[in-house]
There are 2 protein chains.
Amino acid sequence: MTHHIFVCTSCRLNGTQKGFCCTKGSADIVRKFQEEIEERELEGEVTVTNTGCFSRCEKGPIVVVYPDGIWYGGVTLNDVGTIMDQHIEGGRIVKELQI
Amino acid sequence: MTHHIFVCTSCRLNGTQKGFCCTKGSADIVRKFQEEIEERELEGEVTVTNTGCFSRCEKGPIVVVYPDGIWYGGVTLNDVGTIMDQHIEGGRIVKELQI
C-alpha cells in the first residue's frame with residue numbers, strides 16, 4: 001500500500017457520531033475518496049478509513065495522509081479530486097489545504 | 001509527532017458502531033493507549049485515534065501504527081503495554097502480533 005487516507009467522521013468511543021467534521025459532510029468525503037480510488041483503479045495501493053476526532057475540530061473536516069503524515073483541514077468534496085491528483089498520484093502536498 | 005496509533009472501533013459511516021473489533025472491546029484498547037500515553041508523558045509525541053473498519057475483521061481487533069505502517073491483529077488490553085514498550089518506545093516491531 002502506498003497511501004492510507006484517514007478522514008474524521010466524528011465517531012465517538014461510545015458508539016455515537018457527533019462533532020464538527022460529520023456535520024460538515026465528512027462521511028460523503030470518505031465515500032468520494034472510495035469512488036476516486038475505484039475509478040483510478042488504485043484499490044490495494046490506496047486505502048481510506050474513517051476515524052474519530054483528531055482534536056483539530058476548528059480546522060475540520062480533517063483528512064490525514066500516511067505514511068507522509070500530512071494533515072489537511074477545511075476539506076470539501078471538491079478537494080477530494082485535488083488531493084488524489086496532486087498528492088496521491090502526483091506526490092506533491094496540497095499546500096493550500098495543509099494545516 | 002513520532003507515532004500515530006489507529007485502533008478500529010468499528011465505526012460505520014452511517015453513524016452506528018457495529019462489527020467484530022468493537023465487540024472484542026476495542027474501545028477499551030483505545031482508552032488504555034490514552035492512559036499509557038499520559039502515564040509515559042508522551043502526549044504530543046504519540047496520538048491514538050479510533051477508526052472504522054480496516055476490512056481485516058477476521059484478524060481483529062486491529063491496531064495500525066504510522067508512519068511505520070505496521071498492522072497488528074488480535075490485540076488485547078494486555079498487549080497495549082507491550083506495543084508501547086517494544087514498538088513505540090523501543091522501536092522494535094512486536095512480531096507476534098503483526099499481521
# chains A, B, ... in the order shown; residues from 1 in each chain; ligands from 1
$ residues_around --residues "segment 35-46 of chain A" --least-positions-apart "6" --cutoff "10 Å" --atoms "only C-alpha atoms" --output "list in words"
Met1, Thr2, His3, His4, Ile5, Ile29, Val80, Gly81, Met84, Asp85, Ile88 and Glu89 of chain A
$ closest_atom_pairs --of "chain B" --to "chain A" --cutoff "9 Å" --atoms "only C-alpha atoms" --output "tab-separated table"
residue	atom	partner	partner_atom	distance
B:His4	CA	A:Gly69	CA	8.9
B:Phe6	CA	A:Thr51	CA	8.5
B:Cys8	CA	A:Thr51	CA	8.5
B:Thr9	CA	A:Leu13	CA	7.3
B:Ser10	CA	A:Gly15	CA	8.7
B:Cys11	CA	A:Cys11	CA	6.2
B:Arg12	CA	A:Asn50	CA	8.0
B:Leu13	CA	A:Ala27	CA	5.8
B:Asn14	CA	A:Ala27	CA	7.8
B:Gly15	CA	A:Gln17	CA	5.1
B:Thr16	CA	A:Gly15	CA	6.3
B:Gln17	CA	A:Gly15	CA	5.1
B:Lys18	CA	A:Gly15	CA	8.4
B:Ala27	CA	A:Leu13	CA	5.7
B:Asp28	CA	A:Leu13	CA	8.7
B:Val30	CA	A:Leu13	CA	8.2
B:Arg31	CA	A:Leu13	CA	8.7
B:Thr47	CA	A:Phe54	CA	8.8
B:Val48	CA	A:Phe54	CA	8.8
B:Thr49	CA	A:Gly52	CA	6.2
B:Asn50	CA	A:Gly52	CA	5.2
B:Thr51	CA	A:Thr51	CA	3.9
B:Gly52	CA	A:Asn50	CA	5.2
B:Cys53	CA	A:Thr49	CA	7.0
B:Phe54	CA	A:Thr49	CA	6.8
B:Tyr66	CA	A:Pro67	CA	6.2
B:Pro67	CA	A:Pro67	CA	4.6
B:Asp68	CA	A:Pro67	CA	7.0
B:Gly69	CA	A:Pro67	CA	6.8
$ select_by_dssp --residues "segment 15-84 of chain A" --states "helix (DSSP H, G or I)" --output "list of chain:residue names"
A:Phe20, A:Cys21, A:Cys22, A:Thr23, A:Ser26, A:Ala27, A:Asp28, A:Ile29, A:Val30, A:Arg31, A:Lys32, A:Phe33, A:Gln34, A:Glu35, A:Glu36, A:Ile37, A:Glu38, A:Glu39, A:Cys57, A:Glu58, A:Lys59, A:Leu77, A:Asn78, A:Asp79, A:Val80, A:Gly81, A:Thr82, A:Ile83, A:Met84
$ atom_distance --atom1 "atom CA of Thr82 of chain A" --atom2 "atom CA of Leu97 of chain A"
10.0 Å
$ atom_distance --atom1 "atom CA of Trp71 of chain A" --atom2 "atom CA of Phe20 of chain A"
16.4 Å
$ closest_residue --among "B:Gln98, B:Arg92, B:Cys57, B:Gln86" --to "Ile70 of chain B" --atoms "only C-alpha atoms"
B:Gln98
$ atom_distance --atom1 "atom CA of Gly25 of chain A" --atom2 "atom CA of Pro61 of chain A"
8.1 Å
$ select_by_dssp --residues "chain B" --states "strand (DSSP E or B)" --output "compact mmCIF listing (two decimals) with all heavy atoms, in the first residue's frame"
# COMPACT_ATOMS: atom_id res chain seq x y z
N HIS B 3 4.63 8.95 16.54
CA HIS B 3 3.78 7.82 16.16
C HIS B 3 2.30 8.19 16.26
O HIS B 3 1.89 8.90 17.18
CB HIS B 3 4.01 6.60 17.08
CG HIS B 3 5.33 5.95 16.86
ND1 HIS B 3 6.43 6.20 17.64
CD2 HIS B 3 5.73 5.04 15.95
CE1 HIS B 3 7.45 5.47 17.21
NE2 HIS B 3 7.06 4.76 16.19
N HIS B 4 1.53 7.67 15.32
CA HIS B 4 0.08 7.83 15.35
C HIS B 4 -0.51 6.42 15.33
O HIS B 4 -0.31 5.67 14.37
CB HIS B 4 -0.37 8.65 14.14
CG HIS B 4 -1.74 9.24 14.30
ND1 HIS B 4 -2.12 10.39 13.66
CD2 HIS B 4 -2.81 8.85 15.03
CE1 HIS B 4 -3.38 10.69 13.98
NE2 HIS B 4 -3.81 9.76 14.80
N ILE B 5 -1.21 6.08 16.40
CA ILE B 5 -1.77 4.73 16.57
C ILE B 5 -3.26 4.77 16.23
O ILE B 5 -4.00 5.60 16.77
CB ILE B 5 -1.60 4.27 18.03
CG1 ILE B 5 -0.12 4.27 18.42
CG2 ILE B 5 -2.23 2.89 18.25
CD1 ILE B 5 0.13 4.22 19.93
N PHE B 6 -3.69 3.90 15.32
CA PHE B 6 -5.10 3.83 14.93
C PHE B 6 -5.68 2.50 15.42
O PHE B 6 -5.07 1.45 15.21
CB PHE B 6 -5.24 3.93 13.41
CG PHE B 6 -4.84 5.28 12.87
CD1 PHE B 6 -3.55 5.53 12.45
CD2 PHE B 6 -5.77 6.32 12.79
CE1 PHE B 6 -3.17 6.78 11.95
CE2 PHE B 6 -5.41 7.57 12.29
CZ PHE B 6 -4.12 7.80 11.87
N VAL B 7 -6.84 2.57 16.05
CA VAL B 7 -7.49 1.37 16.59
C VAL B 7 -8.90 1.28 16.02
O VAL B 7 -9.70 2.22 16.17
CB VAL B 7 -7.58 1.44 18.13
CG1 VAL B 7 -8.24 0.17 18.69
CG2 VAL B 7 -6.20 1.65 18.76
N CYS B 8 -9.22 0.17 15.38
CA CYS B 8 -10.58 0.01 14.85
C CYS B 8 -11.59 -0.14 15.99
O CYS B 8 -11.45 -1.03 16.82
CB CYS B 8 -10.68 -1.22 13.95
SG CYS B 8 -12.38 -1.49 13.38
N THR B 9 -12.58 0.74 16.00
CA THR B 9 -13.70 0.56 16.93
C THR B 9 -15.00 0.37 16.14
O THR B 9 -16.09 0.64 16.64
CB THR B 9 -13.83 1.73 17.93
OG1 THR B 9 -13.92 2.96 17.20
CG2 THR B 9 -12.65 1.78 18.87
N SER B 10 -14.85 -0.06 14.88
CA SER B 10 -16.00 -0.49 14.07
C SER B 10 -17.03 0.62 13.85
O SER B 10 -18.23 0.36 13.83
CB SER B 10 -16.69 -1.70 14.71
OG SER B 10 -15.76 -2.67 15.14
N CYS B 11 -16.54 1.87 13.67
CA CYS B 11 -17.46 2.98 13.37
C CYS B 11 -17.90 2.88 11.92
O CYS B 11 -17.06 2.86 11.02
CB CYS B 11 -16.77 4.33 13.49
SG CYS B 11 -15.80 4.55 14.95
N GLN B 17 -22.12 1.88 15.32
CA GLN B 17 -20.88 1.20 15.67
C GLN B 17 -21.21 -0.28 15.74
O GLN B 17 -21.93 -0.71 16.64
CB GLN B 17 -20.39 1.71 17.03
CG GLN B 17 -19.02 1.18 17.43
CD GLN B 17 -18.61 1.72 18.80
OE1 GLN B 17 -19.35 1.61 19.77
NE2 GLN B 17 -17.45 2.32 18.88
N VAL B 46 2.94 11.01 20.75
CA VAL B 46 2.17 9.83 20.34
C VAL B 46 0.68 10.15 20.46
O VAL B 46 0.24 10.70 21.47
CB VAL B 46 2.53 8.61 21.22
CG1 VAL B 46 1.77 7.38 20.76
CG2 VAL B 46 4.03 8.37 21.20
N THR B 47 -0.07 9.82 19.43
CA THR B 47 -1.51 10.07 19.41
C THR B 47 -2.23 8.77 19.09
O THR B 47 -1.72 7.95 18.32
CB THR B 47 -1.85 11.11 18.32
OG1 THR B 47 -1.20 12.33 18.65
CG2 THR B 47 -3.35 11.37 18.22
N VAL B 48 -3.40 8.58 19.69
CA VAL B 48 -4.23 7.42 19.35
C VAL B 48 -5.58 7.93 18.82
O VAL B 48 -6.13 8.91 19.34
CB VAL B 48 -4.41 6.46 20.56
CG1 VAL B 48 -5.07 7.14 21.74
CG2 VAL B 48 -5.18 5.22 20.14
N THR B 49 -6.05 7.30 17.76
CA THR B 49 -7.32 7.68 17.13
C THR B 49 -8.12 6.41 16.84
O THR B 49 -7.57 5.44 16.32
CB THR B 49 -7.05 8.43 15.80
OG1 THR B 49 -6.24 9.58 16.07
CG2 THR B 49 -8.36 8.89 15.15
N ASN B 50 -9.40 6.43 17.17
CA ASN B 50 -10.27 5.30 16.83
C ASN B 50 -10.75 5.42 15.38
O ASN B 50 -10.81 6.54 14.84
CB ASN B 50 -11.47 5.21 17.78
CG ASN B 50 -12.37 6.41 17.72
OD1 ASN B 50 -11.90 7.54 17.88
ND2 ASN B 50 -13.65 6.21 17.50
N THR B 51 -11.06 4.29 14.77
CA THR B 51 -11.40 4.29 13.34
C THR B 51 -12.58 3.39 13.03
O THR B 51 -13.04 2.62 13.87
CB THR B 51 -10.23 3.78 12.48
OG1 THR B 51 -10.15 2.37 12.61
CG2 THR B 51 -8.91 4.41 12.87
N GLY B 52 -13.00 3.46 11.78
CA GLY B 52 -13.91 2.49 11.21
C GLY B 52 -13.13 1.28 10.73
O GLY B 52 -11.93 1.16 10.96
N VAL B 63 -4.96 -2.91 15.17
CA VAL B 63 -4.25 -1.68 15.55
C VAL B 63 -3.21 -1.40 14.46
O VAL B 63 -2.47 -2.31 14.08
CB VAL B 63 -3.55 -1.85 16.92
CG1 VAL B 63 -2.63 -0.67 17.22
CG2 VAL B 63 -4.58 -2.04 18.03
N VAL B 64 -3.18 -0.17 13.94
CA VAL B 64 -2.23 0.19 12.89
C VAL B 64 -1.38 1.35 13.39
O VAL B 64 -1.92 2.32 13.93
CB VAL B 64 -2.97 0.58 11.59
CG1 VAL B 64 -1.97 0.86 10.47
CG2 VAL B 64 -3.93 -0.52 11.15
N VAL B 65 -0.08 1.23 13.22
CA VAL B 65 0.85 2.26 13.70
C VAL B 65 1.52 2.95 12.51
O VAL B 65 2.18 2.30 11.70
CB VAL B 65 1.92 1.67 14.63
CG1 VAL B 65 2.86 2.77 15.14
CG2 VAL B 65 1.29 0.93 15.81
N TYR B 66 1.32 4.27 12.41
CA TYR B 66 2.00 5.07 11.40
C TYR B 66 2.96 6.03 12.07
O TYR B 66 2.78 6.34 13.23
CB TYR B 66 0.95 5.86 10.56
CG TYR B 66 0.35 5.00 9.47
CD1 TYR B 66 -0.92 4.46 9.62
CD2 TYR B 66 1.08 4.70 8.34
CE1 TYR B 66 -1.46 3.64 8.63
CE2 TYR B 66 0.55 3.87 7.34
CZ TYR B 66 -0.71 3.37 7.49
OH TYR B 66 -1.23 2.55 6.52
N ILE B 70 2.71 -0.41 10.30
CA ILE B 70 2.71 -1.76 10.87
C ILE B 70 1.29 -2.08 11.36
O ILE B 70 0.68 -1.29 12.09
CB ILE B 70 3.70 -1.86 12.05
CG1 ILE B 70 5.12 -1.54 11.57
CG2 ILE B 70 3.64 -3.26 12.70
CD1 ILE B 70 5.65 -2.44 10.48
N TRP B 71 0.79 -3.24 10.94
CA TRP B 71 -0.56 -3.68 11.31
C TRP B 71 -0.46 -4.79 12.34
O TRP B 71 0.26 -5.78 12.13
CB TRP B 71 -1.31 -4.19 10.07
CG TRP B 71 -1.67 -3.14 9.07
CD1 TRP B 71 -0.81 -2.23 8.51
CD2 TRP B 71 -2.97 -2.87 8.52
NE1 TRP B 71 -1.51 -1.41 7.64
CE2 TRP B 71 -2.83 -1.78 7.63
CE3 TRP B 71 -4.23 -3.45 8.70
CZ2 TRP B 71 -3.91 -1.26 6.91
CZ3 TRP B 71 -5.31 -2.94 7.98
CH2 TRP B 71 -5.14 -1.86 7.11
N TYR B 72 -1.21 -4.62 13.43
CA TYR B 72 -1.29 -5.66 14.46
C TYR B 72 -2.71 -6.22 14.52
O TYR B 72 -3.69 -5.49 14.32
CB TYR B 72 -0.93 -5.09 15.83
CG TYR B 72 0.52 -4.65 15.96
CD1 TYR B 72 0.86 -3.34 16.31
CD2 TYR B 72 1.56 -5.55 15.75
CE1 TYR B 72 2.18 -2.95 16.44
CE2 TYR B 72 2.90 -5.16 15.87
CZ TYR B 72 3.20 -3.86 16.22
OH TYR B 72 4.51 -3.48 16.34
N GLN B 98 2.03 -8.98 14.71
CA GLN B 98 1.98 -8.39 13.37
C GLN B 98 1.19 -9.25 12.39
O GLN B 98 1.29 -10.48 12.42
CB GLN B 98 3.41 -8.20 12.83
CG GLN B 98 3.47 -7.31 11.60
CD GLN B 98 4.89 -7.05 11.12
OE1 GLN B 98 5.83 -7.73 11.55
NE2 GLN B 98 5.06 -6.10 10.23
